[in-house]
Amino acid sequence: MPCGRRRGRRWITAIPETTYFKPVGIPLQQLNTVTLTLEELEALRLVDAQGLDQEQAANQMGVSRKTLWNDLMSARKKVAEALVNGWAIEIQGGNYIVRGQYMR
């Protein structure tokens, strides 16, 4: 049985149309891949692309600042590793709710 708290759902704006990025000219089968969750992508989008501060981004995602920080640092590390090492980035999974969708 897993220990610790269960990971809570985060609000995201949308599921991206493009979910894979890879270096040009190298077949995907020859590449290592890092997986970015949808909530990690949302944290990057809100803070790094839209310029929100952590408090604003955390509020939009419905999480604490600490949780937002953890998602953001994880996303940045994965993107940096992929860029530096020439790996592919896959965007999938996570524990999220798309804004405007019915929550069960």
# chains A, B, ... in the order shown; residues from 1 in each chain; ligands from 1
>>> residues_around(residues="stretch 58-67 of chain A", least_positions_apart="4", cutoff="7 Å", atoms="only C-alpha atoms", output="NGL selection string")
:A and (10-12 or 54 or 71)
>>> atom_distance(atom1="atom CA of A:Ser74", atom2="atom CA of A:Leu28")
23.0 Å
>>> residues_around(residues="stretch 14-24 of chain A", least_positions_apart="2", cutoff="12 Å", atoms="only C-alpha atoms", output="PDB file with N, CA and C atoms, in the first residue's frame")
ATOM      1  N   ARG A  10      -5.520  18.955 -10.239  1.00  0.00           N
ATOM      2  CA  ARG A  10      -5.232  20.349 -10.551  1.00  0.00           C
ATOM      3  C   ARG A  10      -6.134  20.781 -11.696  1.00  0.00           C
ATOM      4  N   TRP A  11      -6.518  22.036 -11.702  1.00  0.00           N
ATOM      5  CA  TRP A  11      -7.286  22.594 -12.806  1.00  0.00           C
ATOM      6  C   TRP A  11      -6.329  22.957 -13.924  1.00  0.00           C
ATOM      7  N   ILE A  12      -6.659  22.556 -15.153  1.00  0.00           N
ATOM      8  CA  ILE A  12      -5.887  22.984 -16.306  1.00  0.00           C
ATOM      9  C   ILE A  12      -6.848  23.647 -17.292  1.00  0.00           C
ATOM     10  N   ILE A  26      16.119  12.562 -36.081  1.00  0.00           N
ATOM     11  CA  ILE A  26      16.424  11.358 -35.305  1.00  0.00           C
ATOM     12  C   ILE A  26      15.121  10.585 -35.130  1.00  0.00           C
ATOM     13  N   PRO A  27      15.079   9.330 -35.558  1.00  0.00           N
ATOM     14  CA  PRO A  27      13.855   8.539 -35.387  1.00  0.00           C
ATOM     15  C   PRO A  27      13.480   8.426 -33.909  1.00  0.00           C
ATOM     16  N   LEU A  28      12.209   8.492 -33.642  1.00  0.00           N
ATOM     17  CA  LEU A  28      11.704   8.443 -32.271  1.00  0.00           C
ATOM     18  C   LEU A  28      12.179   7.191 -31.530  1.00  0.00           C
ATOM     19  N   GLN A  29      12.288   6.075 -32.238  1.00  0.00           N
ATOM     20  CA  GLN A  29      12.710   4.827 -31.607  1.00  0.00           C
ATOM     21  C   GLN A  29      14.132   4.921 -31.047  1.00  0.00           C
ATOM     22  N   GLN A  30      14.921   5.851 -31.537  1.00  0.00           N
ATOM     23  CA  GLN A  30      16.309   5.993 -31.082  1.00  0.00           C
ATOM     24  C   GLN A  30      16.468   7.022 -29.964  1.00  0.00           C
ATOM     25  N   LEU A  31      15.368   7.633 -29.552  1.00  0.00           N
ATOM     26  CA  LEU A  31      15.436   8.710 -28.560  1.00  0.00           C
ATOM     27  C   LEU A  31      14.958   8.274 -27.187  1.00  0.00           C
ATOM     28  N   ASN A  32      15.590   8.809 -26.161  1.00  0.00           N
ATOM     29  CA  ASN A  32      15.026   8.748 -24.818  1.00  0.00           C
ATOM     30  C   ASN A  32      13.880   9.751 -24.786  1.00  0.00           C
ATOM     31  N   THR A  33      12.920   9.498 -23.924  1.00  0.00           N
ATOM     32  CA  THR A  33      11.756  10.385 -23.825  1.00  0.00           C
ATOM     33  C   THR A  33      11.500  10.739 -22.373  1.00  0.00           C
ATOM     34  N   VAL A  34      11.186  12.015 -22.117  1.00  0.00           N
ATOM     35  CA  VAL A  34      10.698  12.426 -20.803  1.00  0.00           C
ATOM     36  C   VAL A  34       9.206  12.701 -20.941  1.00  0.00           C
ATOM     37  N   THR A  35       8.458  12.389 -19.918  1.00  0.00           N
ATOM     38  CA  THR A  35       7.015  12.629 -19.942  1.00  0.00           C
ATOM     39  C   THR A  35       6.675  13.785 -19.025  1.00  0.00           C
ATOM     40  N   LEU A  36       6.061  14.791 -19.607  1.00  0.00           N
ATOM     41  CA  LEU A  36       5.585  15.967 -18.890  1.00  0.00           C
ATOM     42  C   LEU A  36       4.090  15.765 -18.662  1.00  0.00           C
ATOM     43  N   THR A  37       3.644  15.841 -17.407  1.00  0.00           N
ATOM     44  CA  THR A  37       2.210  15.693 -17.155  1.00  0.00           C
ATOM     45  C   THR A  37       1.484  16.974 -17.575  1.00  0.00           C
ATOM     46  N   LEU A  38       0.196  16.866 -17.751  1.00  0.00           N
ATOM     47  CA  LEU A  38      -0.580  18.031 -18.155  1.00  0.00           C
ATOM     48  C   LEU A  38      -0.564  19.125 -17.094  1.00  0.00           C
ATOM     49  N   GLU A  39      -0.517  18.759 -15.826  1.00  0.00           N
ATOM     50  CA  GLU A  39      -0.447  19.794 -14.793  1.00  0.00           C
ATOM     51  C   GLU A  39       0.935  20.452 -14.741  1.00  0.00           C
ATOM     52  N   LEU A  41       2.758  20.938 -17.446  1.00  0.00           N
ATOM     53  CA  LEU A  41       2.677  21.846 -18.589  1.00  0.00           C
ATOM     54  C   LEU A  41       1.871  23.094 -18.230  1.00  0.00           C
ATOM     55  N   GLU A  42       0.778  22.929 -17.506  1.00  0.00           N
ATOM     56  CA  GLU A  42      -0.050  24.071 -17.106  1.00  0.00           C
ATOM     57  C   GLU A  42       0.734  25.009 -16.193  1.00  0.00           C
ATOM     58  N   ARG A  45       3.048  26.929 -18.402  1.00  0.00           N
ATOM     59  CA  ARG A  45       2.296  27.890 -19.200  1.00  0.00           C
ATOM     60  C   ARG A  45       1.923  29.125 -18.393  1.00  0.00           C
ATOM     61  N   MET A  61      -4.890  27.021 -10.624  1.00  0.00           N
ATOM     62  CA  MET A  61      -4.850  25.565 -10.679  1.00  0.00           C
ATOM     63  C   MET A  61      -5.547  24.915  -9.477  1.00  0.00           C
ATOM     64  N   VAL A  79      12.133  19.513 -19.015  1.00  0.00           N
ATOM     65  CA  VAL A  79      12.353  20.235 -20.271  1.00  0.00           C
ATOM     66  C   VAL A  79      13.850  20.505 -20.464  1.00  0.00           C
ATOM     67  N   ALA A  82      15.640  17.313 -21.485  1.00  0.00           N
ATOM     68  CA  ALA A  82      15.337  16.969 -22.875  1.00  0.00           C
ATOM     69  C   ALA A  82      16.113  17.858 -23.845  1.00  0.00           C
ATOM     70  N   LEU A  83      16.161  19.145 -23.579  1.00  0.00           N
ATOM     71  CA  LEU A  83      16.868  20.062 -24.466  1.00  0.00           C
ATOM     72  C   LEU A  83      18.373  19.821 -24.461  1.00  0.00           C
ATOM     73  N   VAL A  84      18.937  19.644 -23.290  1.00  0.00           N
ATOM     74  CA  VAL A  84      20.386  19.456 -23.157  1.00  0.00           C
ATOM     75  C   VAL A  84      20.833  18.115 -23.740  1.00  0.00           C
ATOM     76  N   ASN A  85      20.020  17.080 -23.556  1.00  0.00           N
ATOM     77  CA  ASN A  85      20.409  15.731 -23.974  1.00  0.00           C
ATOM     78  C   ASN A  85      19.835  15.301 -25.329  1.00  0.00           C
ATOM     79  N   GLY A  86      19.033  16.149 -25.951  1.00  0.00           N
ATOM     80  CA  GLY A  86      18.447  15.802 -27.240  1.00  0.00           C
ATOM     81  C   GLY A  86      17.383  14.725 -27.142  1.00  0.00           C
ATOM     82  N   TRP A  87      16.592  14.751 -26.079  1.00  0.00           N
ATOM     83  CA  TRP A  87      15.536  13.767 -25.867  1.00  0.00           C
ATOM     84  C   TRP A  87      14.207  14.293 -26.391  1.00  0.00           C
ATOM     85  N   ALA A  88      13.262  13.390 -26.559  1.00  0.00           N
ATOM     86  CA  ALA A  88      11.898  13.757 -26.925  1.00  0.00           C
ATOM     87  C   ALA A  88      11.128  14.135 -25.660  1.00  0.00           C
ATOM     88  N   ILE A  89      10.097  14.954 -25.838  1.00  0.00           N
ATOM     89  CA  ILE A  89       9.201  15.322 -24.737  1.00  0.00           C
ATOM     90  C   ILE A  89       7.800  14.867 -25.118  1.00  0.00           C
ATOM     91  N   GLU A  90       7.222  14.047 -24.252  1.00  0.00           N
ATOM     92  CA  GLU A  90       5.851  13.585 -24.439  1.00  0.00           C
ATOM     93  C   GLU A  90       4.989  14.254 -23.373  1.00  0.00           C
ATOM     94  N   ILE A  91       3.821  14.739 -23.747  1.00  0.00           N
ATOM     95  CA  ILE A  91       2.913  15.376 -22.798  1.00  0.00           C
ATOM     96  C   ILE A  91       1.696  14.474 -22.652  1.00  0.00           C
ATOM     97  N   GLN A  92       1.528  13.943 -21.438  1.00  0.00           N
ATOM     98  CA  GLN A  92       0.394  13.062 -21.186  1.00  0.00           C
ATOM     99  C   GLN A  92       0.230  12.808 -19.698  1.00  0.00           C
ATOM    100  N   GLY A  93      -0.951  12.378 -19.330  1.00  0.00           N
ATOM    101  CA  GLY A  93      -1.205  11.901 -17.980  1.00  0.00           C
ATOM    102  C   GLY A  93      -1.279  12.988 -16.928  1.00  0.00           C
ATOM    103  N   GLY A  94      -1.385  12.528 -15.702  1.00  0.00           N
ATOM    104  CA  GLY A  94      -1.492  13.413 -14.567  1.00  0.00           C
ATOM    105  C   GLY A  94      -2.832  13.256 -13.880  1.00  0.00           C
ATOM    106  N   TYR A  96      -5.778  15.729 -13.245  1.00  0.00           N
ATOM    107  CA  TYR A  96      -6.233  17.067 -13.578  1.00  0.00           C
ATOM    108  C   TYR A  96      -7.716  17.087 -13.920  1.00  0.00           C
ATOM    109  N   ILE A  97      -8.263  18.279 -13.942  1.00  0.00           N
ATOM    110  CA  ILE A  97      -9.622  18.535 -14.406  1.00  0.00           C
ATOM    111  C   ILE A  97      -9.519  19.690 -15.386  1.00  0.00           C
ATOM    112  N   VAL A  98     -10.095  19.514 -16.572  1.00  0.00           N
ATOM    113  CA  VAL A  98     -10.093  20.589 -17.555  1.00  0.00           C
ATOM    114  C   VAL A  98     -11.189  21.571 -17.171  1.00  0.00           C
ATOM    115  N   ARG A  99     -10.823  22.856 -17.072  1.00  0.00           N
ATOM    116  CA  ARG A  99     -11.786  23.895 -16.725  1.00  0.00           C
ATOM    117  C   ARG A  99     -13.015  23.806 -17.608  1.00  0.00           C
ATOM    118  N   GLY A 100     -14.184  23.844 -17.016  1.00  0.00           N
ATOM    119  CA  GLY A 100     -15.428  23.790 -17.776  1.00  0.00           C
ATOM    120  C   GLY A 100     -15.986  22.382 -17.923  1.00  0.00           C
ATOM    121  N   GLN A 101     -15.203  21.371 -17.557  1.00  0.00           N
ATOM    122  CA  GLN A 101     -15.718  20.004 -17.626  1.00  0.00           C
ATOM    123  C   GLN A 101     -16.387  19.645 -16.318  1.00  0.00           C
TER     124      GLN A 101
END
>>> select_by_dssp(residues="chain A", states="strand (DSSP E)", output="ChimeraX atom specification")
/A:10-12,20-21,33-36,88-91,96-98
>>> closest_residue(among="A:Asn95, A:Leu68, A:Gly8, A:Lys78", to="A:Val47", atoms="only C-alpha atoms")
A:Leu68
>>> select_by_dssp(residues="chain A", states="alpha helix (DSSP H)", output="NGL selection string")
:A and (38-44 or 54-61 or 65-85)
>>> residues_around(residues="A:Leu72", least_positions_apart="6", cutoff="7 Å", atoms="only C-alpha atoms", output="PyMOL selection string")
chain A and resi 40+43-44
>>> atom_distance(atom1="atom CA of A:Ala75", atom2="atom CA of A:Asp48")
10.9 Å
